[in-house]
Amino acid sequence: MTNTATATLPQISTTAWKIDPAHSMAEFKVKHMMIANVKGQFPKVSGALFLDESDLANSHVEASIEAASIHTRDDQRDADLRSANFFDVEKFPTLTFKSKGISIVRDGELSVEGDLTIRGVTRNVRFIVEGPTPPAKDPWGNTRIAISATTKINRKDFGLTWNATLETGGVLVGEEVTITLDVEFVKA
């Protein structure tokens, strides 16, 4: 009688994490009148991270932002940003991101590439990500991790083309937009 070895299948160590909207924020900044940066926030963020702890490259993330939640501390500007001039939230209620690849840049820093969709236009972008932080238990027994991610886009690439020429030269709204995500995840 012959002994046959049983092949062992590798254990998959992927865990699911949900974005905690109460402790997460999407922010942006863009030049105003070619003078200073104006910042804004999208406080309504949702999504999930599927984290492969044995190989981060096998992880992926999906996020959604409610476009109408935009807040820049100026009601008139917020109304304009919600209008067809910019985000057109009636037609395009969400901004989304779906990762396509994750790689380690160096210890504690990742590169996350994926599809960002704004106003129905999808472009490939790359976020530089700090984290994830080591898992920590909150006072209610939930396990949490966090990341901070940044990218720069040209708003015109996403159909955000409205602008006004200033009489002194230049334009009212810059083209380059810096996007920063500070996201806390709760293990599902």
# chains A, B, ... in the order shown; residues from 1 in each chain; ligands from 1
call {"tool": "residues_around", "arguments": {"residues": "A:Asp138", "least_positions_apart": "2", "cutoff": "12 Å", "atoms": "only C-alpha atoms", "output": "MDAnalysis selection string"}}
result
chainID A and resid 135:136 140:145 184:187
call {"tool": "residues_around", "arguments": {"residues": "stretch 14-29 of chain A", "least_positions_apart": "5", "cutoff": "6 Å", "atoms": "only C-alpha atoms", "output": "list of chain:residue names"}}
result
A:Asn37, A:Val38, A:Lys39, A:Gly40, A:Gln41, A:Phe42, A:Pro43, A:Val45, A:Ser46, A:Gly47, A:Ala48, A:Leu49, A:Phe50, A:Leu51, A:Asp52, A:Val177, A:Thr178, A:Ile179, A:Thr180, A:Leu181, A:Asp182, A:Val183, A:Glu184, A:Phe185, A:Val186, A:Lys187, A:Ala188
call {"tool": "residues_around", "arguments": {"residues": "stretch 65-69 of chain A", "least_positions_apart": "4", "cutoff": "6 Å", "atoms": "only C-alpha atoms", "output": "list of chain:residue names"}}
result
A:Phe42, A:Lys44, A:Val45, A:Val89, A:Pro93, A:Thr94, A:Leu95
call {"tool": "select_by_dssp", "arguments": {"residues": "chain A", "states": "helix (DSSP H, G or I)", "output": "PyMOL selection string"}}
result
chain A and resi 21-23+56-58+67-69+75-82+155-158
call {"tool": "residues_around", "arguments": {"residues": "stretch 101-115 of chain A", "least_positions_apart": "4", "cutoff": "8 Å", "atoms": "only C-alpha atoms", "output": "PyMOL selection string"}}
result
chain A and resi 56-60+96-97+122-132
call {"tool": "atom_distance", "arguments": {"atom1": "atom CA of A:Ile153", "atom2": "atom CA of A:Val121"}}
result
12.7 Å
call {"tool": "decode", "arguments": {"residues": "stretch 27-119 of chain A", "atoms": "C-alpha atoms", "output": "mmCIF file, in the first residue's frame"}}
result
data_model
loop_
_atom_site.group_PDB
_atom_site.id
_atom_site.type_symbol
_atom_site.label_atom_id
_atom_site.label_comp_id
_atom_site.auth_asym_id
_atom_site.auth_seq_id
_atom_site.Cartn_x
_atom_site.Cartn_y
_atom_site.Cartn_z
ATOM 1 C CA GLU A 27 -11.057 66.459 1.653
ATOM 2 C CA PHE A 28 -9.831 68.459 -1.311
ATOM 3 C CA LYS A 29 -7.961 71.672 -1.962
ATOM 4 C CA VAL A 30 -7.762 73.798 -5.097
ATOM 5 C CA LYS A 31 -6.335 77.237 -5.906
ATOM 6 C CA HIS A 32 -8.798 80.122 -5.717
ATOM 7 C CA MET A 33 -8.065 83.179 -7.895
ATOM 8 C CA MET A 34 -4.492 81.878 -8.270
ATOM 9 C CA ILE A 35 -3.816 83.213 -4.758
ATOM 10 C CA ALA A 36 -4.642 80.736 -2.026
ATOM 11 C CA ASN A 37 -5.971 77.228 -1.576
ATOM 12 C CA VAL A 38 -9.634 76.674 -0.777
ATOM 13 C CA LYS A 39 -10.413 73.462 1.063
ATOM 14 C CA GLY A 40 -13.584 71.457 1.111
ATOM 15 C CA GLN A 41 -14.853 68.221 2.605
ATOM 16 C CA PHE A 42 -17.143 65.367 1.753
ATOM 17 C CA PRO A 43 -18.181 63.990 5.149
ATOM 18 C CA LYS A 44 -20.430 61.199 3.803
ATOM 19 C CA VAL A 45 -18.011 58.406 2.926
ATOM 20 C CA SER A 46 -18.796 54.679 2.793
ATOM 21 C CA GLY A 47 -17.095 51.542 1.523
ATOM 22 C CA ALA A 48 -15.005 48.543 2.427
ATOM 23 C CA LEU A 49 -11.454 47.252 2.523
ATOM 24 C CA PHE A 50 -10.682 43.595 1.896
ATOM 25 C CA LEU A 51 -7.283 43.193 3.505
ATOM 26 C CA ASP A 52 -5.022 40.249 2.750
ATOM 27 C CA GLU A 53 -2.732 40.389 5.749
ATOM 28 C CA SER A 54 -0.262 37.900 4.274
ATOM 29 C CA ASP A 55 0.125 39.810 0.986
ATOM 30 C CA LEU A 56 -1.104 43.421 0.803
ATOM 31 C CA ALA A 57 -0.937 43.242 -3.015
ATOM 32 C CA ASN A 58 -3.974 40.936 -2.922
ATOM 33 C CA SER A 59 -6.033 43.486 -0.966
ATOM 34 C CA HIS A 60 -8.609 45.797 -2.517
ATOM 35 C CA VAL A 61 -10.756 48.734 -1.500
ATOM 36 C CA GLU A 62 -14.005 50.273 -2.716
ATOM 37 C CA ALA A 63 -15.319 53.644 -1.564
ATOM 38 C CA SER A 64 -18.259 55.880 -2.321
ATOM 39 C CA ILE A 65 -18.738 59.554 -1.480
ATOM 40 C CA GLU A 66 -22.084 61.343 -1.450
ATOM 41 C CA ALA A 67 -21.465 64.331 -3.758
ATOM 42 C CA ALA A 68 -24.213 66.457 -2.194
ATOM 43 C CA SER A 69 -22.448 66.254 1.185
ATOM 44 C CA ILE A 70 -19.819 68.757 -0.035
ATOM 45 C CA HIS A 71 -18.983 71.406 2.552
ATOM 46 C CA THR A 72 -16.617 74.355 2.058
ATOM 47 C CA ARG A 73 -17.893 76.647 4.861
ATOM 48 C CA ASP A 74 -19.685 78.864 2.295
ATOM 49 C CA ASP A 75 -23.320 77.998 1.512
ATOM 50 C CA GLN A 76 -23.356 79.872 -1.801
ATOM 51 C CA ARG A 77 -20.172 78.154 -3.004
ATOM 52 C CA ASP A 78 -21.483 74.767 -1.843
ATOM 53 C CA ALA A 79 -24.706 75.296 -3.844
ATOM 54 C CA ASP A 80 -22.640 76.174 -6.938
ATOM 55 C CA LEU A 81 -20.419 73.111 -6.463
ATOM 56 C CA ARG A 82 -23.547 70.917 -6.266
ATOM 57 C CA SER A 83 -24.919 72.472 -9.492
ATOM 58 C CA ALA A 84 -24.326 71.436 -13.104
ATOM 59 C CA ASN A 85 -21.372 73.885 -13.147
ATOM 60 C CA PHE A 86 -19.381 71.380 -11.101
ATOM 61 C CA PHE A 87 -20.503 68.072 -9.547
ATOM 62 C CA ASP A 88 -24.076 68.073 -10.922
ATOM 63 C CA VAL A 89 -25.246 66.021 -7.937
ATOM 64 C CA GLU A 90 -28.737 65.501 -9.377
ATOM 65 C CA LYS A 91 -27.272 63.476 -12.285
ATOM 66 C CA PHE A 92 -24.163 62.167 -10.513
ATOM 67 C CA PRO A 93 -24.957 61.615 -6.816
ATOM 68 C CA THR A 94 -21.757 59.710 -5.949
ATOM 69 C CA LEU A 95 -18.029 59.793 -6.484
ATOM 70 C CA THR A 96 -16.497 56.314 -6.393
ATOM 71 C CA PHE A 97 -13.111 54.635 -6.177
ATOM 72 C CA LYS A 98 -12.301 50.971 -6.861
ATOM 73 C CA SER A 99 -8.729 49.801 -6.464
ATOM 74 C CA LYS A 100 -7.056 47.735 -9.166
ATOM 75 C CA GLY A 101 -3.640 47.256 -7.588
ATOM 76 C CA ILE A 102 -1.771 47.787 -4.358
ATOM 77 C CA SER A 103 1.983 47.790 -3.958
ATOM 78 C CA ILE A 104 4.370 48.566 -1.123
ATOM 79 C CA VAL A 105 6.393 51.729 -1.717
ATOM 80 C CA ARG A 106 8.325 51.397 1.548
ATOM 81 C CA ASP A 107 7.562 50.327 5.095
ATOM 82 C CA GLY A 108 4.357 52.044 6.159
ATOM 83 C CA GLU A 109 3.604 53.486 2.703
ATOM 84 C CA LEU A 110 1.562 51.946 -0.102
ATOM 85 C CA SER A 111 0.657 52.861 -3.658
ATOM 86 C CA VAL A 112 -2.994 52.165 -4.448
ATOM 87 C CA GLU A 113 -4.057 52.433 -8.088
ATOM 88 C CA GLY A 114 -7.616 52.313 -9.215
ATOM 89 C CA ASP A 115 -10.586 53.842 -10.974
ATOM 90 C CA LEU A 116 -11.872 57.164 -9.666
ATOM 91 C CA THR A 117 -15.267 58.198 -11.043
ATOM 92 C CA ILE A 118 -16.473 61.800 -10.817
ATOM 93 C CA ARG A 119 -19.424 63.162 -12.850
#
